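Source file: final-v1.txt. Holds: compact mmCIF, C-alpha atoms.
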# COMPACT_ATOMS: atom_id res chain seq x y z
CA MET A 305 84.89 108.87 110.47
CA GLY A 306 88.67 109.05 111.10
CA SER A 307 89.50 106.60 108.29
CA LYS A 308 87.36 108.57 105.82
CA LEU A 309 89.20 111.78 106.74
CA ILE A 310 92.57 110.10 106.20
CA ILE A 311 91.47 108.79 102.78
CA LEU A 312 90.27 112.28 101.81
CA LEU A 313 93.59 113.82 102.88
CA VAL A 314 95.55 111.21 100.90
CA ILE A 315 93.48 111.97 97.78
CA ILE A 316 94.01 115.72 98.17
CA LEU A 317 97.76 115.30 98.72
CA GLY A 318 97.95 112.97 95.72
CA VAL A 319 96.25 115.52 93.47
CA LEU A 320 98.62 118.25 94.71
CA ALA A 321 101.64 116.00 94.10
CA ILE A 322 100.52 115.26 90.52
CA ALA A 323 99.95 118.96 89.89
CA GLN A 324 103.47 119.74 91.12
CA LEU A 325 104.99 117.01 88.94
CA VAL A 326 103.22 118.43 85.90
CA ARG A 327 104.54 121.87 86.78
CA VAL A 328 108.10 120.53 87.16
CA ASN A 329 107.80 118.82 83.77
CA GLU A 330 106.70 122.11 82.16
CA LEU A 331 109.62 124.02 83.70
CA THR A 332 112.08 121.32 82.61
CA ALA A 333 110.80 121.52 79.05
CA LYS A 334 111.27 125.28 79.02
CA GLN A 335 114.86 124.95 80.31
CA THR A 336 115.78 122.45 77.58
CA GLY A 337 114.21 124.66 74.90
CA LYS A 338 111.80 121.94 73.67
CA ARG A 339 108.43 122.85 72.30
CA GLU A 340 105.35 121.39 73.94
CA GLU A 341 104.39 119.34 70.88
CA GLU A 342 107.84 117.71 70.66
CA ILE A 343 107.43 114.38 72.39
CA PRO A 344 110.52 112.18 72.94
CA HIS A 345 110.43 108.86 71.11
CA ARG A 346 110.83 106.94 74.37
CA ASP A 347 107.67 108.65 75.69
CA ASN A 348 105.75 107.57 72.58
CA ILE A 349 106.97 103.98 72.99
CA PHE A 350 106.06 104.05 76.67
CA ASN A 351 102.56 105.38 75.94
CA SER A 352 101.96 102.80 73.20
CA ARG A 353 102.92 99.98 75.55
CA MET A 354 100.68 101.43 78.26
CA MET A 355 97.86 101.32 75.70
CA LEU A 356 98.36 97.58 75.32
CA LEU A 357 98.60 97.12 79.07
CA PHE A 358 95.41 99.14 79.58
CA MET A 359 93.62 97.03 76.95
CA ILE A 360 94.61 93.82 78.73
CA LEU A 361 93.53 95.18 82.11
CA LEU A 362 90.27 96.43 80.59
CA TYR A 363 89.48 93.00 79.16
CA VAL A 364 90.42 91.18 82.35
CA GLY A 365 88.27 93.54 84.41
CA PHE A 366 85.37 93.26 81.97
CA ILE A 367 85.45 89.45 81.92
CA TRP A 368 85.72 89.30 85.72
CA LEU A 369 82.78 91.68 86.18
CA MET A 370 80.68 89.71 83.68
CA ILE A 371 81.41 86.44 85.44
CA LYS A 372 80.76 87.83 88.92
CA TYR A 373 77.91 90.30 88.32
CA GLY A 374 76.87 90.21 84.68
CA PHE A 375 74.61 87.16 84.71
CA VAL A 376 71.24 87.65 86.41
CA ASP A 377 69.72 84.20 86.61
CA LEU A 378 65.94 84.35 86.44
CA GLY A 379 65.84 80.66 85.69
CA PRO A 380 64.56 79.16 82.45
CA ALA A 381 61.87 81.14 80.67
CA ALA A 382 58.56 79.71 81.87
CA THR A 383 56.54 80.74 78.82
CA ALA A 384 56.66 79.92 75.13
CA HIS A 385 57.35 83.51 74.03
CA GLY A 386 59.84 83.94 76.90
CA GLN A 387 62.16 81.42 75.27
CA ASP A 388 62.12 83.50 72.07
CA ILE A 389 62.85 86.66 74.07
CA ASP A 390 65.78 84.99 75.87
CA TRP A 391 67.21 83.84 72.54
CA LEU A 392 66.89 87.34 71.08
CA LEU A 393 68.45 88.92 74.17
CA ASN A 394 71.38 86.48 74.07
CA LEU A 395 71.89 87.28 70.38
CA ASN A 396 72.06 90.99 71.24
CA PHE A 397 74.59 90.31 73.99
CA VAL A 398 76.78 88.24 71.63
CA ILE A 399 76.76 91.04 69.05
CA ILE A 400 77.46 93.75 71.63
CA VAL A 401 80.32 91.87 73.31
CA ALA A 402 81.86 90.92 69.96
CA ILE A 403 81.77 94.55 68.78
CA PHE A 404 83.19 95.70 72.12
CA PHE A 405 86.22 93.42 71.80
CA LEU A 406 86.68 94.12 68.09
CA THR A 407 86.57 97.93 68.27
CA ASN A 408 88.68 98.23 71.43
CA THR A 409 91.28 95.79 70.08
CA LEU A 410 91.58 97.84 66.90
CA LEU A 411 91.78 101.05 68.92
CA PHE A 412 94.55 100.02 71.31
CA VAL A 413 96.52 97.72 68.98
CA PHE A 414 96.62 100.40 66.28
CA ALA A 415 97.79 102.95 68.88
CA TRP A 416 100.63 100.56 69.75
CA LYS A 417 101.48 99.36 66.25
CA TYR A 418 101.44 102.75 64.53
CA VAL A 419 103.28 104.71 67.21
CA LYS A 420 105.07 107.76 65.79
CA LYS A 421 108.61 106.95 64.72
CA PRO A 422 111.46 109.49 64.42
CA GLY A 423 111.60 111.05 60.95
CA ALA A 424 108.33 109.47 59.78
CA LYS A 425 105.52 111.74 58.64
CA ALA A 426 101.83 110.85 59.06
CA PHE A 427 100.16 109.89 55.81
CA TYR A 428 97.23 112.15 54.93
CA TYR A 429 94.31 109.85 54.13
CA PRO A 430 91.12 111.95 53.97
CA HIS A 431 88.60 109.61 52.34
CA ASN A 432 87.96 106.08 51.09
CA ASN A 433 84.62 105.09 49.56
CA LYS A 434 85.13 101.41 50.27
CA LEU A 435 85.79 101.99 53.98
CA GLU A 436 82.82 104.34 54.22
CA MET A 437 80.63 101.69 52.62
CA ILE A 438 81.92 98.93 54.92
CA TRP A 439 81.39 100.74 58.22
CA THR A 440 77.99 102.02 57.08
CA VAL A 441 76.52 98.87 55.50
CA ILE A 442 77.71 96.31 58.07
CA PRO A 443 76.33 98.12 61.18
CA ALA A 444 73.14 98.90 59.27
CA ALA A 445 72.72 95.22 58.33
CA VAL A 446 73.34 94.08 61.92
CA LEU A 447 70.85 96.62 63.26
CA ALA A 448 68.31 95.60 60.63
CA VAL A 449 68.55 91.95 61.74
CA ILE A 450 68.09 92.91 65.40
CA ILE A 451 65.17 95.24 64.66
CA ILE A 452 63.37 92.80 62.33
CA LEU A 453 63.70 89.91 64.81
CA GLY A 454 62.60 92.18 67.66
CA LEU A 455 59.54 93.44 65.78
CA ARG A 456 58.57 89.92 64.76
CA THR A 457 58.79 88.71 68.37
CA TRP A 458 56.89 91.75 69.68
CA ASN A 459 54.13 91.34 67.10
CA ASP A 460 53.79 87.66 67.98
CA ILE A 461 53.15 88.43 71.66
CA THR A 462 50.95 91.51 71.27
CA THR A 463 48.59 90.48 68.48
CA THR A 464 45.01 89.60 69.34
CA ALA A 465 44.76 86.34 71.26
CA ASP A 466 42.81 83.43 69.80
CA ASP A 467 39.39 82.39 71.05
CA GLU A 468 40.83 79.52 73.11
CA SER A 469 42.81 81.92 75.30
CA VAL A 470 41.36 82.41 78.77
CA LYS A 471 40.69 86.08 79.54
CA ILE A 472 41.92 87.55 82.81
CA GLU A 473 41.93 91.18 83.90
CA VAL A 474 44.78 92.33 86.15
CA PHE A 475 43.74 95.40 88.12
CA SER A 476 46.44 97.59 89.69
CA TYR A 477 46.18 100.16 92.45
CA GLN A 478 48.45 101.67 95.08
CA PHE A 479 49.81 99.25 96.27
CA GLY A 480 48.39 95.93 95.20
CA TRP A 481 46.95 93.73 92.46
CA THR A 482 43.64 92.01 91.87
CA ALA A 483 42.84 89.34 89.27
CA ARG A 484 39.40 89.11 87.66
CA TYR A 485 38.78 85.87 85.79
CA SER A 486 36.21 85.49 83.06
CA GLY A 487 33.61 82.88 83.97
CA MET A 488 32.69 79.74 82.09
CA ASP A 489 31.60 81.94 79.16
CA ASN A 490 35.18 83.28 78.89
CA GLU A 491 33.87 86.85 78.69
CA LEU A 492 34.77 89.54 81.19
CA GLY A 493 32.04 91.80 82.46
CA ARG A 494 32.16 95.43 81.41
CA PHE A 495 33.46 98.21 83.63
CA ASP A 496 33.28 101.99 83.82
CA TYR A 497 35.35 104.19 86.14
CA LYS A 498 32.23 106.26 86.95
CA LEU A 499 30.88 103.25 88.87
CA THR A 500 33.82 103.21 91.31
CA THR A 501 32.56 103.13 94.89
CA PRO A 502 33.82 101.58 98.14
CA GLN A 503 31.43 98.69 97.50
CA ASN A 504 32.51 98.41 93.84
CA PRO A 505 36.24 99.28 93.82
CA TYR A 506 36.76 97.62 90.42
CA ALA A 507 34.00 99.67 88.74
CA ILE A 508 32.22 96.56 87.41
CA MET A 509 29.11 97.37 85.38
CA THR A 510 25.83 95.82 86.49
CA ARG A 511 22.36 97.26 86.91
CA ALA A 512 22.73 97.15 90.71
CA ASN A 513 26.10 98.94 90.60
CA ILE A 514 24.74 101.66 88.29
CA ASP A 515 21.79 102.28 90.61
CA SER A 516 24.07 102.28 93.66
CA ALA A 517 26.48 104.78 92.11
CA LEU A 518 23.61 107.05 91.03
CA ASN A 519 22.01 106.89 94.48
CA ARG A 520 25.38 107.66 96.06
CA MET A 521 25.71 110.70 93.81
CA MET A 522 22.20 111.97 94.49
CA VAL A 523 21.68 111.14 98.17
CA GLY A 524 25.24 110.80 99.38
CA SER A 525 26.87 108.31 101.71
CA PRO A 526 28.61 108.35 105.08
CA GLY A 527 31.42 110.87 104.83
CA GLN A 528 30.33 112.15 101.41
CA GLU A 529 27.65 114.70 100.61
CA GLY A 530 25.27 114.03 97.74
CA ILE A 531 23.60 116.48 95.38
CA GLU A 532 20.52 116.82 97.60
CA MET A 533 22.57 117.59 100.72
CA ILE A 534 24.68 120.19 98.91
CA GLU A 535 21.62 121.88 97.43
CA ASN A 536 19.93 121.98 100.85
CA LYS A 537 23.02 123.54 102.40
CA LEU A 538 23.32 126.19 99.66
CA ASN A 539 19.61 127.05 99.80
CA ASP A 540 19.20 127.08 103.59
CA PRO A 541 18.78 130.75 104.64
CA SER A 542 19.72 129.92 108.22
CA ILE A 543 23.26 128.88 107.22
CA VAL A 544 25.80 131.60 106.58
CA LEU A 545 28.70 130.28 104.49
CA PRO A 546 31.96 132.10 103.72
CA ARG A 547 32.35 133.01 100.05
CA ASP A 548 35.19 130.53 99.46
CA GLU A 549 33.25 127.65 101.02
CA ARG A 550 30.09 128.55 99.05
CA ASN A 551 32.07 128.65 95.78
CA ALA A 552 33.69 125.31 96.58
CA LEU A 553 30.26 123.77 97.25
CA ARG A 554 28.94 125.12 93.96
CA GLN A 555 31.88 123.61 92.08
CA GLU A 556 31.34 120.29 93.84
CA LEU A 557 27.62 120.45 93.05
CA GLY A 558 28.35 121.07 89.36
CA ARG A 559 30.78 118.15 89.23
CA LYS A 560 28.31 115.79 90.90
CA GLU A 561 25.46 116.94 88.64
CA ARG A 562 27.55 116.21 85.55
CA MET A 563 28.44 112.78 86.90
CA ALA A 564 24.80 112.10 87.78
CA ARG A 565 23.75 112.93 84.21
CA HIS A 566 26.35 110.45 82.89
CA LEU A 567 25.05 107.78 85.26
CA GLN A 568 21.43 108.49 84.33
CA ALA A 569 22.30 108.13 80.64
CA MET A 570 24.15 104.89 81.42
CA SER A 571 21.14 103.57 83.32
CA ALA A 572 18.74 104.49 80.51
CA THR A 573 20.77 102.72 77.82
CA TYR A 574 21.98 99.76 79.87
CA ASN A 575 20.99 96.27 78.72
CA ASP A 576 20.24 94.12 81.77
CA SER A 577 21.45 91.01 79.96
CA LEU A 578 24.99 92.35 80.37
CA ASP A 579 24.72 91.51 84.07
CA ASP A 580 25.41 87.89 83.17
CA LEU A 581 28.86 88.80 81.83
CA ALA A 582 29.88 90.29 85.17
CA ASN A 583 28.01 87.99 87.52
CA ASN A 584 29.97 84.88 86.50
CA ASP A 585 33.36 86.61 86.76
CA ILE A 586 35.63 85.59 89.62
CA ILE A 587 37.61 88.16 91.61
CA VAL A 588 40.74 86.88 93.37
CA GLU A 589 42.81 89.22 95.52
CA ASP A 590 45.42 86.96 97.12
CA SER A 591 47.10 85.33 94.11
CA LEU A 592 46.99 84.82 90.36
CA VAL A 593 46.46 81.12 89.61
CA LEU A 594 47.07 79.71 86.12
CA LEU A 595 46.78 76.35 84.42
CA LYS A 596 49.95 74.85 82.97
CA GLY A 597 49.89 74.99 79.18
CA GLN A 598 46.79 77.18 78.89
CA HIS A 599 46.94 80.22 76.61
CA TYR A 600 46.00 83.42 78.43
CA ALA A 601 44.92 86.85 77.23
CA LEU A 602 45.66 89.32 80.01
CA SER A 603 44.18 92.82 80.05
CA PHE A 604 45.55 95.43 82.43
CA ARG A 605 44.11 98.60 83.89
CA SER A 606 45.00 100.96 86.73
CA LYS A 607 42.87 102.69 89.34
CA ASP A 608 45.20 105.56 90.16
CA VAL A 609 48.70 106.02 88.65
CA ILE A 610 50.84 104.28 86.06
CA HIS A 611 52.06 100.88 87.22
CA SER A 612 53.90 98.18 85.30
CA ALA A 613 52.91 94.53 85.55
CA TYR A 614 56.15 92.53 85.58
CA PHE A 615 56.27 88.72 85.61
CA PRO A 616 60.05 88.09 85.56
CA HIS A 617 59.89 84.32 85.08
CA PHE A 618 57.30 84.63 82.30
CA ARG A 619 59.29 87.42 80.56
CA VAL A 620 56.14 89.54 80.60
CA GLN A 621 55.98 93.26 81.27
CA MET A 622 53.20 95.68 80.41
CA ASN A 623 52.34 99.16 81.65
CA THR A 624 48.98 99.59 83.38
CA VAL A 625 47.71 103.06 82.54
CA PRO A 626 44.79 104.95 84.10
CA GLY A 627 42.01 105.47 81.57
CA MET A 628 43.07 102.80 79.10
CA THR A 629 43.40 99.03 78.83
CA THR A 630 46.62 97.32 77.77
CA HIS A 631 47.01 93.69 76.71
CA PHE A 632 49.50 90.83 76.72
CA LYS A 633 49.17 87.15 75.87
CA PHE A 634 51.30 84.21 76.97
CA GLN A 635 51.35 80.49 77.70
CA PRO A 636 52.95 79.15 80.91
CA LEU A 637 55.00 76.04 80.18
CA TYR A 638 56.08 74.93 83.65
CA SER A 639 54.02 74.50 86.78
CA THR A 640 55.33 75.90 90.04
CA ASP A 641 56.41 72.39 91.05
CA ASP A 642 58.21 71.96 87.72
CA MET A 643 60.23 75.12 88.37
CA LYS A 644 61.04 74.04 91.91
CA GLU A 645 62.49 70.86 90.44
CA LYS A 646 64.35 72.63 87.64
CA LEU A 647 65.92 75.16 89.99
CA ASN A 648 66.33 72.68 92.85
CA ASN A 649 64.66 75.24 95.11
CA GLU A 650 61.68 74.26 97.24
CA ASP A 651 61.02 77.89 98.16
CA PHE A 652 60.55 79.03 94.56
CA GLU A 653 57.38 80.83 93.57
CA TYR A 654 56.29 82.86 90.56
CA ILE A 655 55.57 86.50 91.28
CA LEU A 656 53.90 89.58 89.84
CA MET A 657 55.66 92.85 90.70
CA CYS A 658 55.28 96.52 89.82
CA ASN A 659 58.18 97.77 87.71
CA LYS A 660 57.26 101.47 87.85
CA ILE A 661 58.04 103.59 90.89
CA CYS A 662 54.45 104.39 91.86
CA GLY A 663 54.70 105.75 95.40
CA GLY A 664 56.11 105.21 98.85
CA SER A 665 55.08 101.55 99.14
CA HIS A 666 56.01 100.59 95.57
CA TYR A 667 58.54 98.08 96.91
CA LYS A 668 55.84 95.86 98.41
CA MET A 669 53.43 95.89 95.48
CA LYS A 670 53.60 92.16 94.78
CA MET A 671 51.27 89.28 94.10
CA GLU A 672 51.94 85.55 94.25
CA VAL A 673 51.46 83.66 90.99
CA GLN A 674 50.83 79.92 90.90
CA VAL A 675 50.90 77.64 87.87
CA LEU A 676 49.09 74.42 88.68
CA GLU A 677 48.66 70.99 87.18
CA PRO A 678 45.14 70.07 85.91
CA GLU A 679 43.89 68.35 89.07
CA GLU A 680 45.12 71.14 91.35
CA TYR A 681 43.69 73.81 89.08
CA LEU A 682 40.25 72.16 88.99
CA ASN A 683 40.21 71.89 92.80
CA TRP A 684 41.15 75.54 93.07
CA GLN A 685 38.30 76.50 90.74
CA LYS A 686 35.80 74.52 92.80
CA ALA A 687 36.77 76.50 95.91
CA HIS A 688 35.92 79.94 94.48
CA LYS A 689 32.71 81.91 94.07
CA THR A 690 31.61 84.11 91.20
CA TYR A 691 30.78 87.81 91.48
CA ASP A 692 27.14 87.06 92.27
CA GLY A 693 28.05 84.46 94.91
CA SER A 694 27.51 81.28 92.88
CA ASP A 695 30.01 78.46 92.55
CA TRP A 696 32.58 78.98 89.81
CA LEU A 697 31.61 75.58 88.35
CA ASN A 698 27.90 76.24 88.65
CA PHE A 699 26.52 72.85 87.63
CA SER A 700 23.49 71.03 88.89
CA GLU A 701 24.03 68.10 91.21
CA SER A 702 23.06 65.60 88.51
CA GLU A 703 25.65 66.83 86.03
CA ARG A 704 28.42 68.03 88.37
CA ALA A 705 30.52 64.86 88.29
CA GLU A 706 30.21 64.55 84.53
CA LYS A 707 31.10 68.22 83.92
CA GLU A 708 34.07 68.13 86.29
CA ALA A 709 35.40 65.00 84.60
CA GLU A 710 34.97 66.75 81.24
CA LEU A 711 36.87 69.81 82.47
CA LEU A 712 39.65 67.68 83.96
CA LYS A 713 40.11 65.85 80.68
CA LYS A 714 40.26 69.17 78.85
CA TYR A 715 42.88 70.56 81.26
CA GLN A 716 44.93 67.36 81.01
CA THR A 717 44.91 67.66 77.21
CA ILE A 718 46.13 71.26 77.47
CA ALA A 719 48.94 70.33 79.85
CA ALA A 720 49.90 67.30 77.72
CA ARG A 721 50.56 69.54 74.72
CA VAL A 722 53.32 71.23 76.70
CA GLU A 723 54.86 67.90 77.70
CA GLU A 724 55.01 66.82 74.06
CA LYS A 725 57.03 69.90 72.97
structure tokens encoding of this file:
Amino acid sequence: MGSKLIILLVIILGVLAIAQLVRVNELTAKQTGKREEEIPHRDNIFNSRMMLLFMILLYVGFIWLMIKYGFVDLGPAATAHGQDIDWLLNLNFVIIVAIFFLTNTLLFVFAWKYVKKPGAKAFYYPHNNKLEMIWTVIPAAVLAVIIILGLRTWNDITTTADDESVKIEVFSYQFGWTARYSGMDNELGRFDYKLTTPQNPYAIMTRANIDSALNRMMVGSPGQEGIEMIENKLNDPSIVLPRDERNALRQELGRKERMARHLQAMSATYNDSLDDLANNDIIVEDSLVLLKGQHYALSFRSKDVIHSAYFPHFRVQMNTVPGMTTHFKFQPLYSTDDMKEKLNNEDFEYILMCNKICGGSHYKMKMEVQVLEPEEYLNWQKAHKTYDGSDWLNFSESERAEKEAELLKKYQTIAARVEEK
């Protein structure tokens, strides 16, 4: 506390001293009869040299800061499109740094070189078409290159994924992530927010979930009144309710009746064959596991507020927005073990983070991501159950070995394509 007070006093005294020096300079100028705009030649020379000195110090400081703090090493881009993004980002940095040095050098060197000399008048130079063309066309051309390359890269990574891409839904909520994998049919089951219940937090659409949500709306559940309970309370002559409470119950009844009508319409038009799409999905809450070399089509949605799915090592970021689905596609090139070897770091792991401040526990909204080799990935698949409780690789005993060998060969072919690049 004492040292801070001393520093504050020194700053205040320094400001007062500078103010007094300026005042003395003004009084001296008045005594000598010089006008304010009449600057001695030696002062102009001094200022021009200070310009050069400031430029040198600026460059030294800039280079030092860039070396010490300017490079954030996320490691090599672990996806195919990530390498394109890194190249484009480096190109932007080269252009920006080159323009920074060019413009500041011209600024300070010209201030030094063309310092006002005694008896010399400034040349009035109001316009030059060639100069106007140069400093308009060149920046426009550079910006056009950056924009065209950026749009091309963005279009490449956001266009519709091909049929070979494995579909995964990443579900965000305060403050966590859940991954829902499409089953062996590579089709994700449908969802509808109106089906969200404690038993169905991801709002997955099946006949059983529709009936459960409708029953919950009509009959109620522990801690939540249904339509029948609210109607009984409003119509019971032995219960005297305050006006505000009665109005609140009526509003709640109207909301639940509207929701019940939506659910009844959903139930009436629902095709039971759609259950198969959801029943062979796989929900994983502890980590997102990927196969090296496989193309993925990720879809994102949010339960509550806007989040942002950020995979720093994959160079992937996409907002997850309540009420809509966003998409991103990518291909992981390096397994987790490959990256450990590349970075010489046995503790390395891929990670999914939220890059939007979404609440008090935003800082811990993370999910581990693993990229596995074919054998590891197949073993991981065999250990997981589908939404309806079946094995992920739901084969009969007679064909299990053959099917697993077929899958392993397929995964090895996918991973081998990466090794060949």
For atom CA of Tyr429 of chain A and atom CA of Phe414 of chain A, quote the distance in Å rounded to one decimal. 15.6 Å
What lies within 12 Å of Met370 of chain A using all atoms listed in the file, ignoring chain neighbours under 6 positions off, as a list in words?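 Here the answer would be Tyr363, Val364, Val376, Phe397 and Val401 of chain A.
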Interface rows for segment 461-566 of chain A against segment 596-599 of chain A: nearest pair, Å to one decimal, 9 Å, all atoms listed in the file, as CSV:
residue,atom,partner,partner_atom,distance
A:Ala465,CA,A:His599,CA,8.4
A:Asp466,CA,A:His599,CA,8.6
A:Glu468,CA,A:His599,CA,7.1
A:Ser469,CA,A:His599,CA,4.7
A:Val470,CA,A:His599,CA,6.4
Residues from the last selection, C-alpha atoms, saved as a PDB file, in the coordinates of the input:
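Output file again_4.pdb follows:
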ATOM      1  CA  ALA A 465      44.760  86.340  71.260  1.00  0.00           C
ATOM      2  CA  ASP A 466      42.810  83.430  69.800  1.00  0.00           C
ATOM      3  CA  GLU A 468      40.830  79.520  73.110  1.00  0.00           C
ATOM      4  CA  SER A 469      42.810  81.920  75.300  1.00  0.00           C
ATOM      5  CA  VAL A 470      41.360  82.410  78.770  1.00  0.00           C
TER       6      VAL A 470
END
At a cut-off of 7 Å, using all atoms listed in the file, what residues contact Ile586 of chain A? Leave out same-chain residues fewer than 2 positions from it and give the result as a list of chain:residue names.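 Final neighbour list, sorted by chain and number: A:Arg484, A:Tyr485, A:Ser486, A:Gly487, A:Asn584, A:Val588, A:Lys689, A:Thr690, A:Tyr691.
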Neighbour list for Glu708 of chain A as number ranges by chain, cut-off 12 Å, all atoms listed in the file, skip fewer than 4 positions in-chain: A: 678-679, 681-683, 685-686, 696-704, 712-715
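In this comparison, which uses only C-alpha atoms, the residue of A:Asn433, A:Gln635, A:Thr457, A:Asn408 approaching Leu594 of chain A most closely is A:Gln635.
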Between atom CA of Glu556 of chain A and atom CA of Gly524 of chain A, measure the distance and give it in Å to one decimal. 12.6 Å
Selection near Phe412 of chain A, 7 Å with all atoms listed in the file, sequence-local residues under 4 positions removed, as an MDAnalysis selection string: chainID A and resid 355:356 359 408 416
Would you give me, as a Markdown table, each residue of segment 418-511 of chain A having an atom within 12 Å of an atom of segment 615-622 of chain A, along with its shortest atom pair and that distance in Å to one decimal, using only C-alpha atoms and sorting by chain and residue number?
| residue | atom | partner | partner_atom | distance |
| --- | --- | --- | --- | --- |
| A:Trp458 | CA | A:Val620 | CA | 11.2 |
| A:Ile461 | CA | A:Val620 | CA | 9.5 |
| A:Thr462 | CA | A:Met622 | CA | 10.3 |
| A:Val474 | CA | A:Met622 | CA | 10.7 |
| A:Ser476 | CA | A:Met622 | CA | 11.6 |
One number please: atom CA of His431 of chain A to atom CA of Ala448 of chain A, in Å, one decimal.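 Separating atom CA of His431 of chain A from atom CA of Ala448 of chain A is a distance of 26.0 Å.
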Leaving out Leu538 of chain A and any residue of its chain fewer than 2 positions from it, which residues lie within 12 Å of it when counting only C-alpha atoms, given as a PyMOL selection string? chain A and resi 531-536+540-547+549-557
Atoms to include: C-alpha atoms. Write the selected residues as a CSV table (one decimal), keeping the file's coordinate frame.
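Saved result, part04.csv, follows:
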chain,number,residue,atom,x,y,z
A,531,ILE,CA,23.6,116.5,95.4
A,532,GLU,CA,20.5,116.8,97.6
A,533,MET,CA,22.6,117.6,100.7
A,534,ILE,CA,24.7,120.2,98.9
A,535,GLU,CA,21.6,121.9,97.4
A,536,ASN,CA,19.9,122.0,100.8
A,540,ASP,CA,19.2,127.1,103.6
A,541,PRO,CA,18.8,130.8,104.6
A,542,SER,CA,19.7,129.9,108.2
A,543,ILE,CA,23.3,128.9,107.2
A,544,VAL,CA,25.8,131.6,106.6
A,545,LEU,CA,28.7,130.3,104.5
A,546,PRO,CA,32.0,132.1,103.7
A,547,ARG,CA,32.4,133.0,100.0
A,549,GLU,CA,33.2,127.6,101.0
A,550,ARG,CA,30.1,128.6,99.0
A,551,ASN,CA,32.1,128.6,95.8
A,552,ALA,CA,33.7,125.3,96.6
A,553,LEU,CA,30.3,123.8,97.2
A,554,ARG,CA,28.9,125.1,94.0
A,555,GLN,CA,31.9,123.6,92.1
A,556,GLU,CA,31.3,120.3,93.8
A,557,LEU,CA,27.6,120.4,93.0
Option closest in space to Leu581 of chain A, from A:Asn490, A:Gln528, A:Thr409, A:Asn513 [counting all atoms listed in the file]: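 Ranking A:Asn490, A:Gln528, A:Thr409, A:Asn513 by distance to Leu581 of chain A, first place goes to A:Asn490.
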Nearest to Glu672 of chain A by atom-to-atom distance, counting all atoms listed in the file, from A:Thr482, A:Pro636, A:Glu645, A:Ser603: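 Selected residue with least distance to Glu672 of chain A: A:Thr482.
Nearest residue to Val446 of chain A among A:Ile349, A:Met509, A:Ile399, A:His611 is A:Ile399, counting all atoms listed in the file.
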Once you count only C-alpha atoms, which residues end up no further than 12 Å from (34.2, 102.5, 91.1) in the file's frame, shown as a PDB file with C-alpha atoms, keeping the file's coordinate frame?
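The resulting file, result.pdb, is reproduced below:
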ATOM      1  CA  PHE A 495      33.460  98.210  83.630  1.00  0.00           C
ATOM      2  CA  ASP A 496      33.280 101.990  83.820  1.00  0.00           C
ATOM      3  CA  TYR A 497      35.350 104.190  86.140  1.00  0.00           C
ATOM      4  CA  LYS A 498      32.230 106.260  86.950  1.00  0.00           C
ATOM      5  CA  LEU A 499      30.880 103.250  88.870  1.00  0.00           C
ATOM      6  CA  THR A 500      33.820 103.210  91.310  1.00  0.00           C
ATOM      7  CA  THR A 501      32.560 103.130  94.890  1.00  0.00           C
ATOM      8  CA  PRO A 502      33.820 101.580  98.140  1.00  0.00           C
ATOM      9  CA  GLN A 503      31.430  98.690  97.500  1.00  0.00           C
ATOM     10  CA  ASN A 504      32.510  98.410  93.840  1.00  0.00           C
ATOM     11  CA  PRO A 505      36.240  99.280  93.820  1.00  0.00           C
ATOM     12  CA  TYR A 506      36.760  97.620  90.420  1.00  0.00           C
ATOM     13  CA  ALA A 507      34.000  99.670  88.740  1.00  0.00           C
ATOM     14  CA  ILE A 508      32.220  96.560  87.410  1.00  0.00           C
ATOM     15  CA  MET A 509      29.110  97.370  85.380  1.00  0.00           C
ATOM     16  CA  THR A 510      25.830  95.820  86.490  1.00  0.00           C
ATOM     17  CA  ASN A 513      26.100  98.940  90.600  1.00  0.00           C
ATOM     18  CA  ILE A 514      24.740 101.660  88.290  1.00  0.00           C
ATOM     19  CA  SER A 516      24.070 102.280  93.660  1.00  0.00           C
ATOM     20  CA  ALA A 517      26.480 104.780  92.110  1.00  0.00           C
ATOM     21  CA  LEU A 518      23.610 107.050  91.030  1.00  0.00           C
ATOM     22  CA  ARG A 520      25.380 107.660  96.060  1.00  0.00           C
ATOM     23  CA  SER A 606      45.000 100.960  86.730  1.00  0.00           C
ATOM     24  CA  LYS A 607      42.870 102.690  89.340  1.00  0.00           C
ATOM     25  CA  ASP A 608      45.200 105.560  90.160  1.00  0.00           C
TER      26      ASP A 608
END
